[in-house]
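**Q** This is query39.csv (CSV, N, CA and C atoms).
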chain,number,residue,atom,x,y,z
A,8,MET,N,15.0,168.2,60.5
A,8,MET,CA,13.7,167.7,60.0
A,8,MET,C,13.8,167.6,58.5
A,9,ALA,N,13.3,166.4,58.0
A,9,ALA,CA,13.3,166.2,56.5
A,9,ALA,C,12.3,167.1,55.8
A,10,GLY,N,12.7,167.4,54.6
A,10,GLY,CA,11.8,168.3,53.8
A,10,GLY,C,10.5,167.7,53.5
A,11,TYR,N,10.3,166.4,53.6
A,11,TYR,CA,9.0,165.8,53.2
A,11,TYR,C,8.2,165.5,54.4
A,12,THR,N,8.6,165.9,55.6
A,12,THR,CA,7.9,165.6,56.9
A,12,THR,C,6.4,166.0,56.8
A,13,GLY,N,6.1,167.1,56.2
A,13,GLY,CA,4.7,167.5,56.1
A,13,GLY,C,3.8,166.6,55.2
A,14,SER,N,4.5,165.8,54.3
A,14,SER,CA,3.8,164.9,53.4
A,14,SER,C,4.1,163.5,53.7
A,15,LYS,N,4.7,163.2,54.8
A,15,LYS,CA,5.1,161.9,55.1
A,15,LYS,C,4.0,160.8,55.0
A,16,ASP,N,2.9,161.1,55.5
A,16,ASP,CA,1.8,160.1,55.5
A,16,ASP,C,1.4,159.9,54.0
A,17,GLU,N,1.3,160.9,53.2
A,17,GLU,CA,1.0,160.7,51.8
A,17,GLU,C,2.1,159.8,51.1
A,18,TYR,N,3.3,160.1,51.4
A,18,TYR,CA,4.4,159.3,50.7
A,18,TYR,C,4.3,157.9,51.2
A,19,LEU,N,4.1,157.6,52.5
A,19,LEU,CA,3.9,156.3,53.0
A,19,LEU,C,2.8,155.5,52.3
A,20,LYS,N,1.7,156.2,52.2
A,20,LYS,CA,0.5,155.6,51.5
A,20,LYS,C,0.8,155.2,50.1
A,21,ARG,N,1.5,156.1,49.3
A,21,ARG,CA,1.9,155.8,48.0
A,21,ARG,C,2.9,154.7,47.9
A,22,LEU,N,3.8,154.7,48.8
A,22,LEU,CA,4.8,153.6,48.8
A,22,LEU,C,4.2,152.2,49.2
A,23,ARG,N,3.2,152.2,50.1
A,23,ARG,CA,2.5,151.0,50.4
A,23,ARG,C,1.7,150.5,49.2
A,24,ARG,N,1.2,151.4,48.4
A,24,ARG,CA,0.4,151.0,47.2
A,24,ARG,C,1.4,150.4,46.2
A,25,ILE,N,2.6,151.0,46.0
A,25,ILE,CA,3.6,150.5,45.1
A,25,ILE,C,4.1,149.2,45.6
A,26,GLU,N,4.3,149.0,46.9
A,26,GLU,CA,4.7,147.7,47.4
A,26,GLU,C,3.7,146.6,47.1
A,27,GLY,N,2.4,147.0,47.2
A,27,GLY,CA,1.3,146.0,46.8
A,27,GLY,C,1.4,145.7,45.3
A,28,GLN,N,1.7,146.7,44.5
A,28,GLN,CA,1.9,146.5,43.0
A,28,GLN,C,3.0,145.5,42.7
A,29,VAL,N,4.1,145.7,43.5
A,29,VAL,CA,5.3,144.8,43.3
A,29,VAL,C,5.0,143.4,43.7
A,30,ARG,N,4.3,143.3,44.8
A,30,ARG,CA,3.8,141.9,45.2
A,30,ARG,C,2.9,141.3,44.1
A,31,GLY,N,2.1,142.1,43.5
A,31,GLY,CA,1.2,141.6,42.4
A,31,GLY,C,2.0,141.2,41.2
A,32,ILE,N,3.1,141.9,40.9
A,32,ILE,CA,4.0,141.5,39.8
A,32,ILE,C,4.6,140.2,40.1
A,33,ALA,N,5.1,140.0,41.3
A,33,ALA,CA,5.7,138.7,41.7
A,33,ALA,C,4.7,137.6,41.5
A,34,ARG,N,3.5,137.9,41.9
A,34,ARG,CA,2.4,136.8,41.8
A,34,ARG,C,2.2,136.5,40.3
A,35,MET,N,2.2,137.6,39.5
A,35,MET,CA,2.0,137.4,38.0
A,35,MET,C,3.0,136.5,37.5
A,36,VAL,N,4.3,136.7,37.8
A,36,VAL,CA,5.4,135.9,37.3
A,36,VAL,C,5.2,134.5,37.8
A,37,ASP,N,4.9,134.3,39.1
A,37,ASP,CA,4.7,133.0,39.7
A,37,ASP,C,3.6,132.2,39.0
A,38,GLU,N,2.6,133.0,38.5
A,38,GLU,CA,1.5,132.3,37.8
A,38,GLU,C,1.7,132.3,36.3
A,39,ASP,N,2.9,132.6,35.8
A,39,ASP,CA,3.2,132.6,34.4
A,39,ASP,C,2.3,133.4,33.5
A,40,THR,N,2.0,134.6,34.0
A,40,THR,CA,1.2,135.6,33.3
A,40,THR,C,2.0,136.0,32.0
A,41,TYR,N,1.2,136.4,31.0
A,41,TYR,CA,1.7,136.8,29.7
A,41,TYR,C,2.8,138.0,29.9
A,42,CYS,N,3.9,137.9,29.3
A,42,CYS,CA,5.0,138.8,29.4
A,42,CYS,C,4.6,140.2,29.3
A,43,ILE,N,3.9,140.6,28.3
A,43,ILE,CA,3.5,142.0,28.1
A,43,ILE,C,2.7,142.5,29.2
A,44,ASP,N,1.8,141.7,29.8
A,44,ASP,CA,1.0,142.1,31.0
A,44,ASP,C,1.9,142.4,32.2
A,45,VAL,N,2.9,141.6,32.4
A,45,VAL,CA,3.9,141.8,33.5
A,45,VAL,C,4.7,143.1,33.2
A,46,LEU,N,5.1,143.3,32.0
A,46,LEU,CA,5.9,144.5,31.6
A,46,LEU,C,5.0,145.7,31.8
A,47,THR,N,3.8,145.6,31.5
A,47,THR,CA,2.8,146.8,31.7
A,47,THR,C,2.8,147.2,33.1
A,48,GLN,N,2.7,146.2,34.0
A,48,GLN,CA,2.6,146.5,35.4
A,48,GLN,C,4.0,147.0,36.0
A,49,ILE,N,5.1,146.5,35.4
A,49,ILE,CA,6.4,147.0,35.8
A,49,ILE,C,6.5,148.5,35.4
A,50,SER,N,6.0,148.8,34.2
A,50,SER,CA,6.0,150.2,33.8
A,50,SER,C,5.2,151.1,34.7
A,51,ALA,N,4.0,150.6,35.2
A,51,ALA,CA,3.2,151.4,36.1
A,51,ALA,C,3.9,151.6,37.4
A,52,VAL,N,4.6,150.6,37.9
A,52,VAL,CA,5.3,150.8,39.2
A,52,VAL,C,6.5,151.7,39.0
A,53,THR,N,7.2,151.7,37.9
A,53,THR,CA,8.3,152.6,37.6
A,53,THR,C,7.8,154.0,37.6
A,54,LYS,N,6.7,154.3,36.9
A,54,LYS,CA,6.1,155.6,36.9
A,54,LYS,C,5.7,156.1,38.3
A,55,ALA,N,5.1,155.2,39.1
A,55,ALA,CA,4.7,155.6,40.4
A,55,ALA,C,5.9,155.9,41.3
A,56,LEU,N,7.0,155.2,41.1
A,56,LEU,CA,8.2,155.5,41.9
A,56,LEU,C,8.8,156.8,41.4
A,57,GLN,N,8.8,157.0,40.1
A,57,GLN,CA,9.3,158.3,39.6
A,57,GLN,C,8.5,159.5,40.1
A,58,ALA,N,7.2,159.3,40.3
A,58,ALA,CA,6.3,160.4,40.9
A,58,ALA,C,6.7,160.6,42.3
A,59,VAL,N,7.0,159.6,43.1
A,59,VAL,CA,7.4,159.8,44.4
A,59,VAL,C,8.8,160.5,44.5
A,60,SER,N,9.7,160.1,43.6
A,60,SER,CA,11.0,160.7,43.5
A,60,SER,C,10.9,162.2,43.2
A,61,ILE,N,10.0,162.6,42.3
A,61,ILE,CA,9.9,164.0,41.9
A,61,ILE,C,9.3,164.8,43.1
A,62,GLY,N,8.4,164.2,43.8
A,62,GLY,CA,7.8,164.9,44.9
A,62,GLY,C,8.8,165.1,46.0
A,63,LEU,N,9.6,164.0,46.3
A,63,LEU,CA,10.7,164.1,47.3
A,63,LEU,C,11.7,165.2,46.9
A,64,MET,N,12.0,165.2,45.6
A,64,MET,CA,13.0,166.2,45.1
A,64,MET,C,12.4,167.6,45.3
A,65,GLU,N,11.2,167.8,45.0
A,65,GLU,CA,10.5,169.2,45.2
A,65,GLU,C,10.6,169.6,46.6
A,66,ASP,N,10.2,168.6,47.5
A,66,ASP,CA,10.3,168.9,48.9
A,66,ASP,C,11.7,169.2,49.4
A,67,HIS,N,12.7,168.5,48.9
A,67,HIS,CA,14.1,168.7,49.3
A,67,HIS,C,14.5,170.1,48.8
A,68,LEU,N,14.2,170.5,47.6
A,68,LEU,CA,14.6,171.8,47.1
A,68,LEU,C,13.9,172.9,47.8
A,69,GLY,N,12.6,172.7,48.1
A,69,GLY,CA,11.8,173.8,48.7
A,69,GLY,C,12.1,173.9,50.2
A,70,HIS,N,12.6,172.9,50.8
A,70,HIS,CA,12.9,173.0,52.3
A,70,HIS,C,14.4,173.0,52.6
A,71,CYS,N,15.0,171.9,52.3
A,71,CYS,CA,16.4,171.7,52.7
A,71,CYS,C,17.3,172.6,52.0
A,72,VAL,N,17.2,172.7,50.7
A,72,VAL,CA,18.1,173.6,49.9
A,72,VAL,C,17.9,175.1,50.3
A,73,VAL,N,16.6,175.5,50.4
A,73,VAL,CA,16.3,176.8,50.7
A,73,VAL,C,16.8,177.2,52.1
A,74,ASP,N,16.6,176.3,53.1
A,74,ASP,CA,17.0,176.6,54.4
A,74,ASP,C,18.6,176.7,54.5
A,75,ALA,N,19.2,175.8,53.8
A,75,ALA,CA,20.7,175.8,53.7
A,75,ALA,C,21.2,177.1,53.1
A,76,ALA,N,20.6,177.5,52.0
A,76,ALA,CA,21.0,178.8,51.3
A,76,ALA,C,20.8,180.0,52.2
A,77,ARG,N,19.7,180.0,53.0
A,77,ARG,CA,19.5,181.1,54.0
A,77,ARG,C,20.5,181.1,55.1
A,78,SER,N,21.0,179.9,55.4
A,78,SER,CA,22.0,179.8,56.5
A,78,SER,C,23.4,180.3,56.1
A,79,SER,N,23.9,179.9,54.9
A,79,SER,CA,25.1,180.4,54.4
A,79,SER,C,25.3,180.0,52.9
A,80,HIS,N,26.1,180.7,52.2
A,80,HIS,CA,26.4,180.4,50.8
A,80,HIS,C,27.0,179.1,50.7
A,81,GLU,N,27.9,178.7,51.5
A,81,GLU,CA,28.6,177.4,51.4
A,81,GLU,C,27.6,176.3,51.7
A,82,GLU,N,26.7,176.4,52.7
A,82,GLU,CA,25.8,175.3,52.9
A,82,GLU,C,24.8,175.2,51.8
A,83,GLY,N,24.4,176.3,51.2
A,83,GLY,CA,23.5,176.3,50.1
A,83,GLY,C,24.1,175.7,48.9
A,84,ALA,N,25.3,176.0,48.6
A,84,ALA,CA,26.0,175.4,47.5
A,84,ALA,C,26.2,173.9,47.7
A,85,GLU,N,26.5,173.5,48.9
A,85,GLU,CA,26.6,172.0,49.1
A,85,GLU,C,25.3,171.3,48.9
A,86,LYS,N,24.2,171.9,49.3
A,86,LYS,CA,22.8,171.3,49.1
A,86,LYS,C,22.5,171.3,47.7
A,87,VAL,N,22.8,172.3,46.9
A,87,VAL,CA,22.6,172.3,45.5
A,87,VAL,C,23.3,171.2,44.8
A,88,ARG,N,24.6,171.0,45.2
A,88,ARG,CA,25.4,169.9,44.6
A,88,ARG,C,24.8,168.6,44.9
A,89,GLU,N,24.4,168.4,46.2
A,89,GLU,CA,23.8,167.2,46.6
A,89,GLU,C,22.5,166.9,45.8
A,90,ALA,N,21.7,167.9,45.6
A,90,ALA,CA,20.5,167.8,44.8
A,90,ALA,C,20.8,167.4,43.3
A,91,ALA,N,21.8,168.1,42.8
A,91,ALA,CA,22.2,167.8,41.4
A,91,ALA,C,22.7,166.4,41.2
A,92,ASP,N,23.4,165.9,42.2
A,92,ASP,CA,23.9,164.5,42.2
A,92,ASP,C,22.7,163.6,42.2
A,93,ALA,N,21.7,163.9,43.1
A,93,ALA,CA,20.5,163.0,43.2
A,93,ALA,C,19.7,163.0,41.9
A,94,ILE,N,19.6,164.2,41.3
A,94,ILE,CA,18.9,164.3,40.0
A,94,ILE,C,19.6,163.5,38.9
A,95,ALA,N,20.9,163.6,38.9
A,95,ALA,CA,21.7,162.8,37.9
A,95,ALA,C,21.5,161.3,38.1
A,96,ARG,N,21.4,160.8,39.4
A,96,ARG,CA,21.2,159.4,39.6
A,96,ARG,C,19.8,159.0,39.1
A,97,LEU,N,18.8,159.9,39.3
A,97,LEU,CA,17.4,159.6,38.9
A,97,LEU,C,17.3,159.6,37.4
A,98,VAL,N,18.0,160.5,36.7
A,98,VAL,CA,18.0,160.5,35.3
A,98,VAL,C,18.6,159.3,34.7
A,99,ARG,N,19.7,158.8,35.3
A,99,ARG,CA,20.4,157.6,34.8
A,99,ARG,C,19.6,156.3,35.0
A,100,SER,N,18.7,156.3,36.0
A,100,SER,CA,18.0,155.1,36.4
A,100,SER,C,16.8,154.8,35.4
Could I get this structure in the form of structure tokens?

**A**
Amino acid sequence: MAGYTGSKDEYLKRLRRIEGQVRGIARMVDEDTYCIDVLTQISAVTKALQAVSIGLMEDHLGHCVVDAARSSHEEGAEKVREAADAIARLVRS
């Protein structure tokens, strides 16, 4: 079971909202909207995706990593490495 299962509906709702924002940005570009206005909307979408990422990471740490650590030291260490790699990817993006 995924660590976010309890919040799945909330995540899907947020992602659908982000999807609508992205479609809005595409429409803005198609309509030759002022550059700064498009960039402002891109910034909003980026922040919204970052919020989803942080929530997913919290769920992963609180569920998947904790369960693995309870199972065995090796499984826990692997999940911590996996989470650290995911955090590194998020920081670089």

**Q** Hey, can you check how far atom C of Asp66 of chain A sits from atom C of Glu89 of chain A?

**A**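 For atom C of Asp66 of chain A relative to atom C of Glu89 of chain A, the distance reads 11.6 Å.
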
**Q** Distance atom N of His67 of chain A-atom C of Leu22 of chain A, one decimal place?

**A**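 Taking atom N of His67 of chain A as the start and atom C of Leu22 of chain A as the end point, the length is 18.4 Å.
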
**Q** Provide the atom C of Gly27 of chain A to atom N of Leu68 of chain A distance in Å, to one decimal place.

**A**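 Atom N of Leu68 of chain A lies 28.0 Å from atom C of Gly27 of chain A.
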
**Q** Ranking A:Glu82, A:Met64, A:Cys71, A:Thr53 by minimum distance to Ile94 of chain A and counting all atoms listed in the file, which one comes first?

**A**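 Of the candidates, the smallest distance to Ile94 of chain A is held by A:Met64.
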
**Q** If you run DSSP on the backbone, which residues of chain A are alpha helix (DSSP H), as a ChimeraX atom specification?

**A** /A:15-37,42-66,73-78,80-99

**Q** Pick out the residues sitting within 8 Å of Gln48 of chain A, and hand them over as a PyMOL selection string; count all atoms listed in the file, and ignore anything fewer than 5 positions along from it in its own chain.

**A** chain A and resi 28-29+31-32+42-43+53-54

**Q** Point out the residue among A:Ala95, A:Val59, A:Ala76, A:Glu85 with the least atom-to-atom distance to Arg21 of chain A, counting only N, CA and C atoms.

**A**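 Of all the options, A:Val59 lies closest to Arg21 of chain A.
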
**Q** Name the closest residue to Gln57 of chain A among the candidates A:Ile25, A:Leu19, A:Val45, A:Ala90; distances are taken between atoms, counting only C-alpha atoms.

**A**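 Counting only C-alpha atoms, the residue closest to Gln57 of chain A is A:Ile25.
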
**Q** Pick from A:Thr12, A:Ala93, A:Lys86, A:Val52: nearest to Glu26 of chain A, with all atoms listed in the file counted?

**A**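 Counting all atoms listed in the file, the residue closest to Glu26 of chain A is A:Val52.
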